[in-house]
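See below for the structure under consideration.
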Amino acid sequence: MDLTQVLQSVDLFEGLAVDEIEKVARICSEERFSKGQIITKEGEQGDELYIIAEGFVEVLLGEKPSSAARVVVSLGSGQVLGEMALLDQGPRSASLRATSEPTVLQVIQRNQFEELCQENTHIGYIVMRNLAADLSFKLRHRNLNQR
Amino acid sequence: MAIYKVSYVIIDKDNPGTILNQNHAPLEGEIVQLGDEIFEVLEVLELVPPRGDFHYIHVTCRAINNFGK
C-alpha cells in the first residue's frame, strides 16, 4: 500500500480529493519504533502529529518517580496521535509508547501542516473538522470505558 | 471501500480499551485479537453516523483466557 492509500484509510483526511491527499503525503515522513520504545513523553514540547500506519501505541498518563504510568487507551492503525500539542501548542498531555514490533508512524511537522492549511483552506477546513471529530470520538470512547 | 473506526471497550478487566481502523464490521460473537490479548465481542453499536467511507462503531467485549489452548 503506498502512502496515498495509507492516508486515504485515515478519517483525518476524509473529504479530501486525491490531489489534496498527495499534498499531505509530501509533508509526511515515516518513523519506525520498536516494541516498548517511547515516542513522546508527557510534559515535553512537541511539534509533530503522528498517524499510526502499522502497529499499536499506548497512551500513558501520570508517570512519577514513585509510581508507574497508567495506560488510558491503546491506539491502532489509522489513529492520530499528538494532535493536542499540534493544535494548542502546549506540552505533550501524555506519553506514547510503541507496543508492537514494528510500529510504523507517519509524522507531520506543525509548521509544514500550518503552511499547507493556509495555502489550501479547503484542506485546512476539512482536516481541522476531522481533527475535532477525532477528539470527540476519543472522548466518547473514554466516557464509555468509565461507565 | 468501507472503513470501520472501532472503539473497543473491555468489561470485567482493568483494560483501557483500544481504538483502531479495520476493513470489516465487527460482529457479535466474533473473536478478536487486540495486541497480545484475545477478546469476544459481546455488543456492537453505531456510535455516531457514518461520514464518507468511515463508520464509527462502539464494541463491548470480554477477555478470553486460554483461547485455543
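Chain labels A, B, ... are given in the sequence in which chains occur in the C-alpha cells; within each chain residues are numbered consecutively from 1, and ligands are likewise numbered from 1 in the order shown.
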What are the closest atom pairs, with distances in Å to one decimal, for each residue of chain A lying within 12 Å of chain B, using only C-alpha atoms, rows by chain and rising residue number, as CSV?
residue,atom,partner,partner_atom,distance
A:Gln5,CA,B:Met1,CA,11.4
A:Val6,CA,B:Asn21,CA,11.4
A:Gln8,CA,B:Asp53,CA,9.8
A:Ser9,CA,B:Ile3,CA,7.0
A:Val10,CA,B:Asn21,CA,7.9
A:Asp11,CA,B:Phe54,CA,6.7
A:Leu12,CA,B:Phe54,CA,10.4
A:Phe13,CA,B:Gly52,CA,10.6
A:Glu14,CA,B:Gly52,CA,6.8
A:Gly15,CA,B:Gly52,CA,7.2
A:Leu16,CA,B:Gly52,CA,10.5
A:Lys35,CA,B:Gly35,CA,11.1
A:Ile51,CA,B:Leu20,CA,11.5
A:Ile52,CA,B:Leu20,CA,9.4
A:Ala53,CA,B:Asn21,CA,10.3
A:Glu54,CA,B:Leu20,CA,10.5
A:Gly55,CA,B:Gly35,CA,8.4
A:Phe56,CA,B:Gly35,CA,7.1
A:Val57,CA,B:Thr18,CA,9.6
A:Glu58,CA,B:Thr18,CA,9.0
A:Val59,CA,B:Pro16,CA,9.6
A:Leu60,CA,B:Pro16,CA,10.4
A:Leu61,CA,B:Pro16,CA,11.8
A:Arg70,CA,B:Pro16,CA,9.2
A:Val71,CA,B:Pro16,CA,6.6
A:Val72,CA,B:Pro16,CA,5.2
A:Val73,CA,B:Pro16,CA,4.9
A:Ser74,CA,B:Thr18,CA,4.6
A:Leu75,CA,B:Ile19,CA,5.0
A:Gly76,CA,B:Leu20,CA,4.4
A:Ser77,CA,B:Leu20,CA,5.5
A:Gly78,CA,B:Asn21,CA,5.5
A:Gln79,CA,B:Leu20,CA,6.3
A:Val80,CA,B:Leu20,CA,10.0
A:Leu81,CA,B:Ile19,CA,11.7
A:Ala98,CA,B:Gly35,CA,10.9
A:Thr99,CA,B:Gly35,CA,7.7
A:Ser100,CA,B:Gly35,CA,7.3
A:Glu101,CA,B:Gly35,CA,10.4
A:Thr103,CA,B:Gly35,CA,11.7
A:Arg129,CA,B:Arg51,CA,11.8
A:Asn130,CA,B:Arg51,CA,10.0
A:Ala133,CA,B:Val48,CA,10.1
A:Asp134,CA,B:Lys5,CA,10.1
A:Ser136,CA,B:Val48,CA,10.3
A:Phe137,CA,B:Tyr56,CA,8.3
A:Lys138,CA,B:Ile19,CA,8.1
A:Leu139,CA,B:Ser7,CA,10.6
A:Arg140,CA,B:Leu47,CA,8.4
A:His141,CA,B:Ser7,CA,5.9
A:Arg142,CA,B:Pro16,CA,8.2
A:Asn143,CA,B:Val9,CA,10.1
A:Leu144,CA,B:Val9,CA,7.2
A:Asn145,CA,B:Val9,CA,5.7
A:Gln146,CA,B:Pro16,CA,8.9
A:Arg147,CA,B:Ile11,CA,9.8
May I have the residues from that selection written out with C-alpha atoms, as a CSV table (one decimal), in the first residue's frame?
chain,number,residue,atom,x,y,z
A,5,GLN,CA,-3.6,4.8,0.1
A,6,VAL,CA,-2.5,4.7,3.7
A,8,GLN,CA,-7.0,7.6,2.4
A,9,SER,CA,-7.7,4.9,5.1
A,10,VAL,CA,-7.3,7.6,7.8
A,11,ASP,CA,-10.5,9.5,8.6
A,12,LEU,CA,-8.5,12.6,9.4
A,13,PHE,CA,-8.3,13.1,5.6
A,14,GLU,CA,-11.9,12.0,4.8
A,15,GLY,CA,-13.4,14.5,2.4
A,16,LEU,CA,-10.1,15.4,0.7
A,35,LYS,CA,8.1,-2.6,20.9
A,51,ILE,CA,-0.5,8.8,12.3
A,52,ILE,CA,-0.3,5.1,13.0
A,53,ALA,CA,0.3,3.3,9.7
A,54,GLU,CA,1.0,-0.1,11.4
A,55,GLY,CA,1.0,-1.5,14.9
A,56,PHE,CA,-0.2,-0.2,18.3
A,57,VAL,CA,0.7,2.7,20.6
A,58,GLU,CA,-0.3,3.0,24.3
A,59,VAL,CA,-1.2,6.4,25.7
A,60,LEU,CA,0.2,6.8,29.2
A,61,LEU,CA,-0.6,9.3,31.9
A,70,ARG,CA,-1.3,4.4,33.8
A,71,VAL,CA,-2.4,3.3,30.3
A,72,VAL,CA,-5.5,5.3,29.3
A,73,VAL,CA,-6.0,3.8,25.8
A,74,SER,CA,-4.4,1.7,23.2
A,75,LEU,CA,-4.5,3.0,19.6
A,76,GLY,CA,-4.1,1.0,16.4
A,77,SER,CA,-3.8,1.6,12.7
A,78,GLY,CA,-5.4,4.7,11.3
A,79,GLN,CA,-5.4,6.6,14.6
A,80,VAL,CA,-4.0,10.1,15.1
A,81,LEU,CA,-1.6,11.0,18.0
A,98,ALA,CA,5.0,1.6,20.9
A,99,THR,CA,3.6,-1.8,21.8
A,100,SER,CA,4.1,-3.8,18.6
A,101,GLU,CA,7.0,-4.8,16.5
A,103,THR,CA,5.3,0.2,15.0
A,129,ARG,CA,-13.1,19.5,11.2
A,130,ASN,CA,-11.9,15.9,11.2
A,133,ALA,CA,-14.4,14.8,15.3
A,134,ASP,CA,-11.4,12.6,16.2
A,136,SER,CA,-14.8,13.8,20.1
A,137,PHE,CA,-14.6,10.1,19.2
A,138,LYS,CA,-11.8,9.6,21.8
A,139,LEU,CA,-13.8,11.4,24.4
A,140,ARG,CA,-16.8,9.1,23.7
A,141,HIS,CA,-14.5,6.1,24.0
A,142,ARG,CA,-13.3,7.3,27.3
A,143,ASN,CA,-16.8,8.0,28.6
A,144,LEU,CA,-18.0,4.6,27.6
A,145,ASN,CA,-14.9,3.0,29.2
A,146,GLN,CA,-15.6,4.7,32.5
A,147,ARG,CA,-19.3,3.6,32.8
Those of chain B in DSSP strand (DSSP E), formatted as an MDAnalysis selection string
chainID B and resid 3:11 18:22 31:34 37:51 54:63
Quick one: of A:Ser93, A:Gln106, A:Gln118, A:Gln112, who's nearest to Glu42 (chain A), counting only C-alpha atoms?
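The closest residue to Glu42 (chain A) is A:Ser93.
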Name the residues in contact with Glu43 (chain B) at a cut-off of 8 Å, using only C-alpha atoms, excluding same-chain residues fewer than 2 positions from it; report them as a VMD selection string.
chain B and resid 27 to 28 41 45 59 to 61
Include N, CA and C atoms and write out the residues we just selected as a PDB file, in the first residue's frame.
ATOM      1  N   LEU B  27     -18.606  -8.083  14.555  1.00  0.00           N
ATOM      2  CA  LEU B  27     -19.851  -8.838  14.713  1.00  0.00           C
ATOM      3  C   LEU B  27     -19.938  -9.393  16.120  1.00  0.00           C
ATOM      4  N   GLU B  28     -21.156  -9.430  16.648  1.00  0.00           N
ATOM      5  CA  GLU B  28     -21.351 -10.046  17.971  1.00  0.00           C
ATOM      6  C   GLU B  28     -20.948 -11.518  17.916  1.00  0.00           C
ATOM      7  N   VAL B  41     -16.429 -10.460  21.192  1.00  0.00           N
ATOM      8  CA  VAL B  41     -17.299  -9.302  21.009  1.00  0.00           C
ATOM      9  C   VAL B  41     -18.685  -9.632  21.565  1.00  0.00           C
ATOM     10  N   LEU B  45     -22.477  -1.407  18.481  1.00  0.00           N
ATOM     11  CA  LEU B  45     -23.399  -0.276  18.291  1.00  0.00           C
ATOM     12  C   LEU B  45     -22.756   0.759  17.380  1.00  0.00           C
ATOM     13  N   VAL B  59     -17.801  -1.125  20.416  1.00  0.00           N
ATOM     14  CA  VAL B  59     -17.869  -2.565  20.683  1.00  0.00           C
ATOM     15  C   VAL B  59     -17.583  -2.809  22.163  1.00  0.00           C
ATOM     16  N   THR B  60     -18.434  -3.612  22.779  1.00  0.00           N
ATOM     17  CA  THR B  60     -18.140  -4.078  24.135  1.00  0.00           C
ATOM     18  C   THR B  60     -17.660  -5.518  24.021  1.00  0.00           C
ATOM     19  N   CYS B  61     -16.580  -5.849  24.684  1.00  0.00           N
ATOM     20  CA  CYS B  61     -16.096  -7.226  24.611  1.00  0.00           C
ATOM     21  C   CYS B  61     -15.511  -7.665  25.945  1.00  0.00           C
TER      22      CYS B  61
END
Quick one: pull the distance between CA of Glu115 (chain A) and CA of Arg26 (chain A), Å, one decimal.
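If I compute the distance from CA of Glu115 (chain A) to CA of Arg26 (chain A), I get 12.5 Å.
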